[in-house]
Structures are given as structure tokens and as C-alpha cells.
$ cat upload_7.tsv   # TSV, C-alpha atoms
chain	number	residue	atom	x	y	z
A	1	MET	CA	-3.65	20.93	-17.48
A	2	ARG	CA	-3.67	22.12	-13.85
A	3	ILE	CA	-2.43	20.43	-10.71
A	4	ARG	CA	-2.57	22.33	-7.45
A	5	ARG	CA	-2.75	21.49	-3.77
A	6	ILE	CA	-5.82	23.04	-2.19
A	7	LEU	CA	-6.02	21.27	1.17
A	8	PRO	CA	-2.56	21.39	2.75
A	9	LEU	CA	-3.83	20.27	6.17
A	10	VAL	CA	-5.47	17.08	4.89
A	11	PRO	CA	-2.46	14.73	5.34
A	12	ALA	CA	-1.94	15.79	8.96
A	13	LEU	CA	-5.63	15.54	9.75
A	14	ALA	CA	-5.88	12.16	8.02
A	15	LEU	CA	-2.93	10.86	10.04
A	16	LEU	CA	-4.55	12.00	13.29
A	17	ALA	CA	-7.81	10.35	12.25
A	18	VAL	CA	-6.03	7.08	11.49
A	19	LEU	CA	-4.24	7.07	14.83
A	20	ALA	CA	-7.40	7.99	16.70
A	21	GLY	CA	-9.40	5.31	14.89
A	22	CYS	CA	-6.85	2.64	15.68
A	23	GLY	CA	-6.88	3.65	19.32
A	24	ALA	CA	-10.66	3.50	19.53
A	25	ALA	CA	-11.39	0.24	17.76
A	26	GLY	CA	-8.14	-1.54	17.21
A	27	PRO	CA	-4.83	-2.43	18.89
A	28	GLY	CA	-4.43	-0.90	22.30
A	29	THR	CA	-8.09	-1.21	23.34
A	30	ASP	CA	-8.44	-1.70	27.09
A	31	PRO	CA	-8.75	-5.48	27.68
A	32	ALA	CA	-11.27	-4.77	30.43
A	33	ALA	CA	-13.61	-3.38	27.81
A	34	GLY	CA	-13.99	-6.81	26.27
A	35	GLU	CA	-13.51	-7.97	22.68
A	36	ARG	CA	-12.33	-5.37	20.21
A	37	PRO	CA	-15.28	-4.23	18.09
A	38	ALA	CA	-15.08	-5.12	14.42
A	39	PRO	CA	-14.72	-2.16	12.05
A	40	ARG	CA	-17.76	-1.62	9.86
A	41	ILE	CA	-16.84	-1.90	6.20
A	42	GLU	CA	-19.43	-0.51	3.82
A	43	ARG	CA	-19.72	-2.89	0.88
A	44	ALA	CA	-21.38	-0.54	-1.60
A	45	ALA	CA	-19.45	2.13	-3.50
A	46	ALA	CA	-20.87	5.58	-4.09
A	47	PRO	CA	-21.84	6.50	-7.67
A	48	LEU	CA	-19.10	8.03	-9.77
A	49	GLU	CA	-19.30	10.36	-12.77
A	50	PRO	CA	-16.64	11.27	-15.35
A	51	ALA	CA	-14.85	14.52	-14.54
A	52	GLY	CA	-12.12	16.65	-16.05
A	53	THR	CA	-11.23	18.04	-12.62
A	54	VAL	CA	-10.88	15.94	-9.47
A	55	THR	CA	-9.51	16.42	-5.97
A	56	ASP	CA	-7.57	13.45	-4.65
A	57	PRO	CA	-7.44	12.21	-1.02
A	58	ASN	CA	-4.27	14.24	-0.42
A	59	GLY	CA	-5.97	17.50	-1.37
A	60	THR	CA	-4.47	17.89	-4.83
A	61	GLU	CA	-6.75	19.25	-7.54
A	62	LEU	CA	-6.00	17.76	-10.94
A	63	SER	CA	-7.49	19.14	-14.16
A	64	LEU	CA	-6.92	17.68	-17.63
A	65	PRO	CA	-8.38	19.01	-20.88
A	66	THR	CA	-9.13	15.50	-22.18
A	67	PRO	CA	-9.20	12.04	-20.56
A	68	PRO	CA	-5.63	10.67	-20.34
A	69	GLU	CA	-4.93	7.67	-22.55
A	70	ARG	CA	-1.16	7.17	-22.26
A	71	ILE	CA	-0.32	6.95	-18.58
A	72	VAL	CA	3.20	6.16	-17.40
A	73	CYS	CA	3.52	4.63	-13.94
A	74	ILE	CA	6.55	5.31	-11.77
A	75	THR	CA	4.87	4.00	-8.62
A	76	GLY	CA	3.13	0.68	-8.03
A	77	LEU	CA	-0.21	2.21	-7.02
A	78	CYS	CA	-0.49	3.56	-10.56
A	79	ASP	CA	0.00	0.11	-12.11
A	80	ASP	CA	-2.58	-1.34	-9.75
A	81	MET	CA	-5.16	1.35	-10.54
A	82	LEU	CA	-4.71	1.03	-14.29
A	83	VAL	CA	-5.17	-2.75	-14.15
A	84	GLU	CA	-8.35	-2.23	-12.13
A	85	LEU	CA	-9.60	0.22	-14.77
A	86	GLY	CA	-8.70	-2.06	-17.68
A	87	ILE	CA	-6.00	0.26	-19.02
A	88	ALA	CA	-2.54	-0.94	-20.04
A	89	PRO	CA	0.21	1.36	-18.70
A	90	ALA	CA	2.17	3.18	-21.40
A	91	GLY	CA	5.24	2.41	-19.30
A	92	THR	CA	6.14	1.20	-15.81
A	93	SER	CA	9.01	1.39	-13.37
A	94	THR	CA	7.77	-1.66	-11.44
A	95	PRO	CA	7.61	-4.46	-14.05
A	96	ALA	CA	7.95	-7.19	-11.40
A	97	LEU	CA	4.77	-5.96	-9.69
A	98	LEU	CA	2.92	-5.72	-12.99
A	99	ALA	CA	4.00	-9.31	-13.83
A	100	ASN	CA	2.44	-10.67	-10.64
A	101	PRO	CA	-0.59	-12.87	-11.45
A	102	VAL	CA	-2.68	-10.62	-9.21
A	103	LEU	CA	-2.11	-7.80	-11.74
A	104	LEU	CA	-1.31	-8.55	-15.41
A	105	GLY	CA	0.81	-11.71	-15.25
A	106	GLU	CA	4.13	-12.23	-16.98
A	107	ALA	CA	2.98	-12.45	-20.60
A	108	ALA	CA	0.90	-9.27	-20.62
A	109	ALA	CA	3.36	-7.35	-18.44
A	110	ALA	CA	6.17	-8.15	-20.87
A	111	GLN	CA	4.37	-6.00	-23.46
A	112	VAL	CA	4.62	-2.88	-21.26
A	113	PRO	CA	7.81	-0.81	-21.73
A	114	THR	CA	10.00	-0.43	-18.65
A	115	VAL	CA	11.11	3.03	-17.54
A	116	ALA	CA	14.89	3.23	-17.14
A	117	GLY	CA	16.53	4.25	-13.86
A	118	SER	CA	16.05	3.39	-10.21
A	119	PHE	CA	13.05	4.19	-8.02
A	120	GLY	CA	13.02	7.90	-7.28
A	121	SER	CA	15.69	8.54	-9.91
A	122	GLU	CA	13.87	7.42	-13.03
A	123	ASP	CA	15.37	8.54	-16.32
A	124	VAL	CA	13.23	11.45	-17.45
A	125	GLU	CA	14.20	11.00	-21.11
A	126	SER	CA	13.00	7.40	-20.88
A	127	ILE	CA	9.64	8.66	-19.61
A	128	ALA	CA	9.39	11.35	-22.29
A	129	ALA	CA	10.10	8.80	-25.03
A	130	LEU	CA	6.87	7.01	-24.07
A	131	ASP	CA	4.86	10.12	-25.06
A	132	PRO	CA	2.64	10.17	-21.94
A	133	ASP	CA	-0.27	12.49	-21.36
A	134	LEU	CA	-0.09	11.75	-17.61
A	135	VAL	CA	2.68	10.48	-15.33
A	136	ILE	CA	1.80	9.13	-11.88
A	137	GLY	CA	4.48	9.01	-9.18
A	138	LEU	CA	4.78	8.72	-5.41
A	139	GLY	CA	4.51	11.81	-3.24
A	140	GLY	CA	7.69	12.75	-1.40
A	141	VAL	CA	9.74	10.60	-3.79
A	142	HIS	CA	9.07	11.93	-7.27
A	143	ASP	CA	8.44	15.60	-6.52
A	144	PRO	CA	12.10	16.46	-7.36
A	145	LEU	CA	11.40	15.20	-10.90
A	146	ARG	CA	8.36	17.44	-11.34
A	147	SER	CA	9.98	20.37	-13.14
A	148	ALA	CA	11.64	18.05	-15.69
A	149	ILE	CA	8.60	15.83	-16.28
A	150	GLU	CA	6.17	18.71	-16.58
A	151	GLN	CA	8.08	19.92	-19.62
A	152	PHE	CA	6.17	17.26	-21.55
A	153	ALA	CA	3.36	15.85	-19.31
A	154	PRO	CA	1.58	16.53	-16.02
A	155	LEU	CA	2.96	14.68	-12.97
A	156	TRP	CA	0.38	13.52	-10.43
A	157	THR	CA	1.89	12.28	-7.17
A	158	VAL	CA	-0.15	9.92	-5.01
A	159	GLU	CA	0.51	9.29	-1.34
A	160	PRO	CA	-1.98	6.97	0.43
A	161	SER	CA	-1.77	6.30	4.16
A	162	THR	CA	-4.99	4.27	4.52
A	163	TRP	CA	-6.92	1.82	2.36
A	164	GLN	CA	-9.60	4.49	2.01
A	165	ASP	CA	-6.98	6.75	0.43
A	166	SER	CA	-6.15	4.05	-2.11
A	167	VAL	CA	-9.85	3.79	-2.96
A	168	GLY	CA	-10.02	7.57	-3.28
A	169	TYR	CA	-7.16	7.67	-5.77
A	170	LEU	CA	-8.80	4.89	-7.78
A	171	ARG	CA	-12.05	6.84	-7.93
A	172	ALA	CA	-10.24	10.02	-8.98
A	173	LEU	CA	-8.43	8.25	-11.80
A	174	GLY	CA	-11.63	6.47	-12.81
A	175	ALA	CA	-13.37	9.85	-13.12
A	176	LEU	CA	-10.47	11.38	-15.09
A	177	THR	CA	-10.28	8.50	-17.57
A	178	GLY	CA	-14.03	8.05	-17.89
A	179	ARG	CA	-13.71	4.48	-16.55
A	180	THR	CA	-16.27	5.09	-13.83
A	181	ALA	CA	-18.05	1.73	-14.04
A	182	GLU	CA	-14.73	-0.10	-13.81
A	183	ALA	CA	-13.66	2.01	-10.81
A	184	VAL	CA	-16.89	1.39	-8.93
A	185	ALA	CA	-16.79	-2.35	-9.69
A	186	ALA	CA	-13.17	-2.60	-8.50
A	187	GLU	CA	-13.94	-0.67	-5.34
A	188	GLU	CA	-16.90	-2.91	-4.52
A	189	ARG	CA	-14.81	-6.04	-5.13
A	190	PHE	CA	-12.21	-4.84	-2.68
A	191	ARG	CA	-14.78	-3.70	-0.12
A	192	GLY	CA	-16.40	-7.14	-0.30
A	193	ILE	CA	-13.06	-8.91	0.24
A	194	LEU	CA	-12.26	-6.72	3.25
A	195	ALA	CA	-15.74	-6.95	4.78
A	196	ASP	CA	-15.75	-10.74	4.43
A	197	ALA	CA	-12.29	-10.91	5.98
A	198	VAL	CA	-13.34	-8.80	8.97
A	199	ASP	CA	-16.22	-11.22	9.59
A	200	THR	CA	-13.95	-14.23	9.15
A	201	THR	CA	-11.26	-13.07	11.56
A	202	ARG	CA	-13.86	-12.49	14.27
A	203	GLU	CA	-15.47	-15.88	13.72
A	204	THR	CA	-12.19	-17.82	13.67
A	205	GLY	CA	-10.37	-15.99	16.44
A	206	GLN	CA	-7.73	-14.70	14.01
A	207	ALA	CA	-8.65	-11.18	15.11
A	208	ASP	CA	-7.04	-11.93	18.48
A	209	ARG	CA	-3.65	-12.73	16.94
A	210	THR	CA	-0.99	-10.04	17.19
A	211	VAL	CA	0.57	-9.46	13.78
A	212	VAL	CA	3.48	-7.37	12.52
A	213	LEU	CA	4.54	-6.60	8.94
A	214	MET	CA	8.23	-5.75	8.60
A	215	TYR	CA	10.79	-5.14	5.87
A	216	GLY	CA	14.35	-3.97	5.28
A	217	SER	CA	17.50	-5.57	6.67
A	218	ALA	CA	18.74	-6.68	10.06
A	219	ASP	CA	20.55	-3.34	10.40
A	220	THR	CA	17.60	-1.15	9.39
A	221	ILE	CA	14.29	-2.82	10.17
A	222	GLY	CA	11.16	-1.06	9.00
A	223	VAL	CA	7.63	-1.79	10.17
A	224	ASP	CA	4.45	-0.98	8.28
A	225	THR	CA	2.87	0.97	11.13
A	226	THR	CA	-0.79	1.83	11.57
A	227	ALA	CA	-0.06	5.07	9.67
A	228	SER	CA	0.81	3.12	6.50
A	229	VAL	CA	-1.58	1.58	3.99
A	230	ASN	CA	-0.68	-2.03	4.80
A	231	GLY	CA	-0.47	-1.48	8.56
A	232	ASP	CA	-3.83	0.28	8.57
A	233	LEU	CA	-5.29	-2.55	6.51
A	234	LEU	CA	-3.96	-5.33	8.75
A	235	ALA	CA	-5.19	-3.46	11.82
A	236	GLN	CA	-8.76	-3.91	10.51
A	237	LEU	CA	-8.29	-7.66	10.77
A	238	TYR	CA	-5.85	-8.44	13.58
A	239	ASP	CA	-4.35	-7.06	16.78
A	240	TYR	CA	-1.75	-4.68	15.37
A	241	PRO	CA	-0.02	-2.65	18.15
A	242	PHE	CA	2.64	-1.07	15.97
A	243	ALA	CA	2.00	2.67	15.81
A	244	PRO	CA	4.42	5.21	14.33
A	245	ARG	CA	7.33	5.97	16.65
A	246	SER	CA	7.39	9.61	15.55
A	247	ALA	CA	5.65	11.98	13.15
A	248	ASP	CA	8.50	11.64	10.66
A	249	VAL	CA	7.66	9.01	8.05
A	250	GLU	CA	11.12	7.44	7.88
A	251	SER	CA	12.04	7.40	11.58
A	252	GLY	CA	8.46	6.66	12.58
A	253	SER	CA	8.60	3.26	10.88
A	254	ALA	CA	12.08	2.31	12.18
A	255	TYR	CA	11.91	-0.42	14.81
A	256	ASN	CA	14.65	-2.46	16.45
A	257	VAL	CA	14.37	-6.13	17.42
A	258	GLU	CA	13.73	-5.28	21.07
A	259	GLU	CA	10.77	-3.10	20.12
A	260	ILE	CA	9.32	-5.84	17.94
A	261	LEU	CA	9.71	-8.28	20.83
A	262	ALA	CA	7.89	-5.81	23.10
A	263	GLY	CA	4.89	-6.01	20.76
A	264	GLN	CA	4.76	-9.80	21.30
A	265	PRO	CA	3.62	-10.68	17.76
A	266	ASP	CA	2.11	-14.13	17.27
A	267	VAL	CA	2.70	-13.83	13.51
A	268	VAL	CA	5.50	-12.08	11.64
A	269	LEU	CA	4.92	-11.16	8.00
A	270	ALA	CA	7.99	-9.86	6.18
A	271	PHE	CA	9.01	-8.81	2.70
A	272	SER	CA	12.61	-8.64	1.56
A	273	LEU	CA	13.74	-6.83	-1.57
A	274	LEU	CA	16.49	-9.07	-2.94
A	275	PHE	CA	18.81	-7.83	-5.67
A	276	SER	CA	21.00	-10.90	-6.21
A	277	ALA	CA	20.98	-14.63	-5.59
A	278	GLU	CA	23.39	-14.08	-2.70
A	279	ASP	CA	21.09	-11.71	-0.81
A	280	ARG	CA	19.53	-13.14	2.34
A	281	THR	CA	15.96	-12.48	3.39
A	282	LEU	CA	15.33	-10.24	6.36
A	283	THR	CA	14.14	-13.07	8.57
A	284	ASP	CA	17.13	-15.21	7.59
A	285	GLN	CA	19.44	-12.36	8.59
A	286	LEU	CA	17.77	-12.25	12.00
A	287	ALA	CA	17.74	-16.01	12.58
A	288	ASP	CA	20.73	-16.06	14.95
A	289	ASN	CA	19.77	-12.94	16.89
A	290	PRO	CA	19.06	-14.01	20.52
A	291	VAL	CA	16.40	-11.31	21.01
A	292	TRP	CA	14.69	-12.32	17.77
A	293	GLN	CA	14.57	-15.90	19.00
A	294	GLN	CA	12.39	-14.76	21.93
A	295	VAL	CA	9.66	-13.35	19.67
A	296	PRO	CA	6.54	-15.55	20.06
A	297	ALA	CA	6.07	-15.87	16.28
A	298	VAL	CA	9.63	-17.12	15.91
A	299	GLN	CA	9.22	-19.65	18.70
A	300	GLN	CA	5.93	-20.86	17.20
A	301	GLY	CA	7.24	-21.09	13.63
A	302	ALA	CA	4.84	-18.38	12.47
A	303	VAL	CA	7.28	-16.24	10.46
A	304	HIS	CA	6.36	-15.81	6.80
A	305	GLU	CA	8.23	-14.13	3.94
A	306	MET	CA	5.67	-12.58	1.59
A	307	ASP	CA	5.91	-11.48	-2.05
A	308	PRO	CA	8.08	-8.33	-1.83
A	309	ARG	CA	6.66	-6.48	-4.84
A	310	LEU	CA	3.01	-7.11	-4.05
A	311	TRP	CA	3.39	-6.36	-0.34
A	312	GLY	CA	6.00	-3.65	-0.74
A	313	SER	CA	4.77	-1.52	-3.63
A	314	GLY	CA	1.22	-2.47	-4.67
A	315	ARG	CA	-0.86	-0.16	-2.46
A	316	GLY	CA	-3.88	-0.32	-4.80
A	317	THR	CA	-7.16	-2.14	-4.30
A	318	ARG	CA	-6.16	-5.19	-6.33
A	319	SER	CA	-2.91	-5.65	-4.39
A	320	LEU	CA	-4.57	-4.89	-1.06
A	321	GLY	CA	-7.27	-7.48	-1.73
A	322	ALA	CA	-4.56	-10.09	-2.35
A	323	ILE	CA	-2.75	-9.02	0.83
A	324	VAL	CA	-5.94	-9.55	2.83
A	325	GLU	CA	-6.45	-13.03	1.37
A	326	GLN	CA	-2.80	-14.06	1.71
A	327	SER	CA	-2.68	-12.92	5.34
A	328	LEU	CA	-5.81	-14.95	6.15
A	329	ALA	CA	-4.03	-18.04	4.82
A	330	VAL	CA	-1.10	-17.76	7.25
A	331	VAL	CA	-2.55	-16.19	10.41
A	332	PRO	CA	-3.86	-19.03	12.60
A	333	GLY	CA	-7.25	-19.04	14.29
A	334	ARG	CA	-8.24	-20.63	17.58

$ encode --input "upload_7.tsv" --output "C-alpha cells"
Amino acid sequence: MRIRRILPLVPALALLAVLAGCGAAGPGTDPAAGERPAPRIERAAAPLEPAGTVTDPNGTELSLPTPPERIVCITGLCDDMLVELGIAPAGTSTPALLANPVLLGEAAAAQVPTVAGSFGSEDVESIAALDPDLVIGLGGVHDPLRSAIEQFAPLWTVEPSTWQDSVGYLRALGALTGRTAEAVAAEERFRGILADAVDTTRETGQADRTVVLMYGSADTIGVDTTASVNGDLLAQLYDYPFAPRSADVESGSAYNVEEILAGQPDVVLAFSLLFSAEDRTLTDQLADNPVWQQVPAVQQGAVHEMDPRLWGSGRGTRSLGAIVEQSLAVVPGR
């Protein structure tokens, strides 16, 4: 087994490319230049061959002596990829995501063992007890667990910032597991959904609607900016003028109500992670805020709470396809 980072500049370059791409053909285009051009989504996937060594979109080279069979997921992208490849996770830390009908559904998900502990602080002994030959976590979150996990299995951390990254991770895992046909088929399904949606939003006028995706609480509002997977995805379809506020991931996604109002969103999409029956959704917490009440989406009744697990932790092609379709159902046209 070997995991090493060989392209340390890739994340920074990818971020610059995303921001440049959004400026050229997305939110922020000069109105005098006319209608924003639609992004071109290639529907066909490139051929894929099995491989014992792959390099992922984040520049990490992963080598395994044999195809992994028992894969434990401690990030939602892993669950999504395995479902796309037709592999049941050996364990998961996001059972609610796995139980979503878009992935396995409740009955099948109930058969998958749940990893003990909270996100980012998973119980390593619980993972080891599942006898994995690969553990997949989230970059920047699970790296502190690396030394403990790698006592018994390799840890591969994934960190997508665009939908193309999510596709790249799927292809890498498809090559490692030998599920190349499944990976290509899943990629082409997603590409078809996105390409059709791009055409639809231009035909219906939905592309002209300004949309924001937000999460968190009234005290700490986060926005999926154009440097995040979901923000990048929604920017392919709608006017999405919510760029990172700084290069730092955490502070770059922090927005206050005044800054959301400044973006003048016609549609607000939100997801709220609720931990008890008494918890209030993010948009409910904001309901009495006088600045919030001035947001066009609020005034027009176009505020929608979305499935928090699917929208908050999916990140894979199956979840992203559902996000595209669910957004089309709530963003109005002409």
C-alpha cells in the first residue's frame, strides 16, 4: 500500500480555475455582454481501465496491492461512490445519507454497520473492528486520524471542490476496485442529468434566477460558495454570485444576512442539521430578522429547506444528480 501527495499545487490551481471559470461564464458577467453563455457539459465519459495505482484530483497517488473489497466510509462522498459502483460499504459514519432513497434506502442501509463517534472524531477501534482494507475520509477533517487508522488499513482522504473533482474521485475508485464499467456508466448518467439541466434552465429562464445555498444557524451562516462542490454545481445552472470571501475555507464561506441581501437572491435553498425535535431550521431562526425579510426570495415565498444529509454531505455523482433535479423543481422560470 502507498499513498503519497505528488501534486501539492493542484488544489490552489484548481481553486483559481474555478474562480476564473465562474467569472468568465457565470455570475458576475457584464450585463452589457448579453445573456450568460451556457457551460458546455460533455455527455460522454472517457474510457477507464482497472489500475492498482491511481492519482486522484487532489494530486494524491494511491497504490494498493489488490483491489479493495471492504471499504469503510467516514465521509459521505465515499458512500455515494460505493453505491454508484454497486459495492456495499463495510461501514459508514453517515447512515442517514446512506438511507436516503437516492442512495440505498432505509432497508438496505440498515444492513451496513455504523461507525461510532462524531464526524471528524470517529472511534478508530470501531473502524478497525470492521476489518477494512481501505478507509475513505474527508481531507482536512480526517487527517489527524491517519496515524491511528494506518496501523490497520490505508486512509484515503478525498476533498472535492468542483463536480469534476467528484467525477475524478469516482473514476479513481472505479479503477482501484475494478468496477470500471460501473464508474463510466455512473459518470455518464450524471453528465446527462447536468447537460439536460443546463439546456432546461436556458430554455425556461431559470438560468436568470439568482440562487443561494446556505446552511448553519442564524449566528453562524455558511454559504456554499462557487469554490464548493454544490456552489460550483448550482453556478452551472443559475445566477450564483456568491464567491468565497477569503482564501480560507471556513471564513471564506461565512456570510452574514446583510451580505446575503446584497446578493439579491430570488431563491434561497437551505439545509439545517437538526439534532433534536426542539431544534429550529435555519430559515425559521431567521424569520423575524428585519434584514432577512428584505431578501427578494423571502418576500416572494421562494425559501426552501432541502434534505440536510443529501445536500450537506453527499458530494458524489448520485447525490449531485439529485441536487440538480431537486433544484429544478423549486427554482421558478419565466

$ residues_around --input "upload_7.tsv" --residues "Thr317 in chain A" --least-positions-apart "4" --cutoff "12 Å" --atoms "all atoms listed in the file" --output "PyMOL selection string"
chain A and resi 76-85+102-103+160+162-171+183-194+229-230+233+310+313+321-324

$ closest_residue --input "upload_7.tsv" --among "A:Arg280, A:Arg179, A:Arg318, A:Arg309" --to "Ala99 in chain A" --atoms "only C-alpha atoms"
A:Arg309

$ atom_distance --input "upload_7.tsv" --atom1 "CA of Gln206 in chain A" --atom2 "CA of Ala243 in chain A"
20.0 Å

$ residues_around --input "upload_7.tsv" --residues "range 262-266 of chain A" --least-positions-apart "3" --cutoff "10 Å" --atoms "only C-alpha atoms" --output "NGL selection string"
:A and (208-213 or 239-242 or 257-259 or 269 or 294-303 or 331-332)

$ atom_distance --input "upload_7.tsv" --atom1 "CA of Leu134 in chain A" --atom2 "CA of Asp56 in chain A"
15.1 Å

$ atom_distance --input "upload_7.tsv" --atom1 "CA of His142 in chain A" --atom2 "CA of Gly120 in chain A"
5.6 Å

$ closest_residue --input "upload_7.tsv" --among "A:Gln293, A:Thr226, A:Gly216, A:Gly252" --to "Thr281 in chain A" --atoms "only C-alpha atoms"
A:Gly216

$ closest_residue --input "upload_7.tsv" --among "A:Val124, A:Leu62, A:Ala45, A:Ala195" --to "Ile74 in chain A" --atoms "all atoms listed in the file"
A:Val124

$ closest_residue --input "upload_7.tsv" --among "A:His304, A:Asp199, A:Leu286, A:Glu150" --to "Thr220 in chain A" --atoms "only C-alpha atoms"
A:Leu286

$ closest_residue --input "upload_7.tsv" --among "A:Thr114, A:Thr177, A:Gln326, A:Thr225" --to "Glu69 in chain A" --atoms "only C-alpha atoms"
A:Thr177

$ axis_aligned_box --input "upload_7.tsv" --around "range 175-180 of chain A" --padding-each-side "3 Å" --output "lines of an AutoDock Vina configuration file"
center_x = -13.3
center_y = 7.9
center_z = -15.5
size_x = 12.0
size_y = 12.9
size_z = 10.8

$ closest_residue --input "upload_7.tsv" --among "A:Glu278, A:Gly312, A:Gln236, A:Gly178" --to "Asp224 in chain A" --atoms "all atoms listed in the file"
A:Gly312

$ decode --input "upload_7.tsv" --residues "range 235-275 of chain A" --atoms "C-alpha atoms" --output "mmCIF file, in the first residue's frame"
data_model
loop_
_atom_site.group_PDB
_atom_site.id
_atom_site.type_symbol
_atom_site.label_atom_id
_atom_site.label_comp_id
_atom_site.auth_asym_id
_atom_site.auth_seq_id
_atom_site.Cartn_x
_atom_site.Cartn_y
_atom_site.Cartn_z
ATOM 1 C CA ALA A 235 -23.479 28.075 -10.783
ATOM 2 C CA GLN A 236 -23.680 25.918 -13.936
ATOM 3 C CA LEU A 237 -27.449 26.299 -13.858
ATOM 4 C CA TYR A 238 -28.353 29.629 -12.265
ATOM 5 C CA ASP A 239 -27.023 33.094 -11.496
ATOM 6 C CA TYR A 240 -24.890 32.375 -8.437
ATOM 7 C CA PRO A 241 -22.942 35.491 -7.295
ATOM 8 C CA PHE A 242 -21.627 34.027 -4.054
ATOM 9 C CA ALA A 243 -17.853 33.708 -4.318
ATOM 10 C CA PRO A 244 -15.548 32.866 -1.400
ATOM 11 C CA ARG A 245 -14.973 35.837 0.893
ATOM 12 C CA SER A 246 -11.377 34.777 1.524
ATOM 13 C CA ALA A 247 -8.934 32.010 0.641
ATOM 14 C CA ASP A 248 -9.555 30.309 3.979
ATOM 15 C CA VAL A 249 -12.173 27.582 3.590
ATOM 16 C CA GLU A 250 -14.020 28.285 6.845
ATOM 17 C CA SER A 251 -14.043 32.097 6.818
ATOM 18 C CA GLY A 252 -14.471 32.177 3.047
ATOM 19 C CA SER A 253 -17.911 30.575 3.324
ATOM 20 C CA ALA A 254 -19.103 32.698 6.278
ATOM 21 C CA TYR A 255 -21.747 35.214 5.242
ATOM 22 C CA ASN A 256 -23.959 37.497 7.309
ATOM 23 C CA VAL A 257 -27.566 38.370 6.489
ATOM 24 C CA GLU A 258 -26.581 41.746 5.042
ATOM 25 C CA GLU A 259 -24.194 40.086 2.597
ATOM 26 C CA ILE A 260 -26.864 37.621 1.512
ATOM 27 C CA LEU A 261 -29.261 40.524 0.966
ATOM 28 C CA ALA A 262 -26.604 42.261 -1.142
ATOM 29 C CA GLY A 263 -26.618 39.246 -3.479
ATOM 30 C CA GLN A 264 -30.368 39.751 -4.055
ATOM 31 C CA PRO A 265 -31.234 36.045 -4.352
ATOM 32 C CA ASP A 266 -34.568 35.204 -5.968
ATOM 33 C CA VAL A 267 -34.411 31.712 -4.442
ATOM 34 C CA VAL A 268 -32.930 30.582 -1.137
ATOM 35 C CA LEU A 269 -32.051 26.914 -0.714
ATOM 36 C CA ALA A 270 -31.048 25.912 2.811
ATOM 37 C CA PHE A 271 -30.163 22.796 4.737
ATOM 38 C CA SER A 272 -30.314 22.583 8.511
ATOM 39 C CA LEU A 273 -28.667 19.829 10.534
ATOM 40 C CA LEU A 274 -31.151 19.192 13.342
ATOM 41 C CA PHE A 275 -30.170 17.120 16.361
#
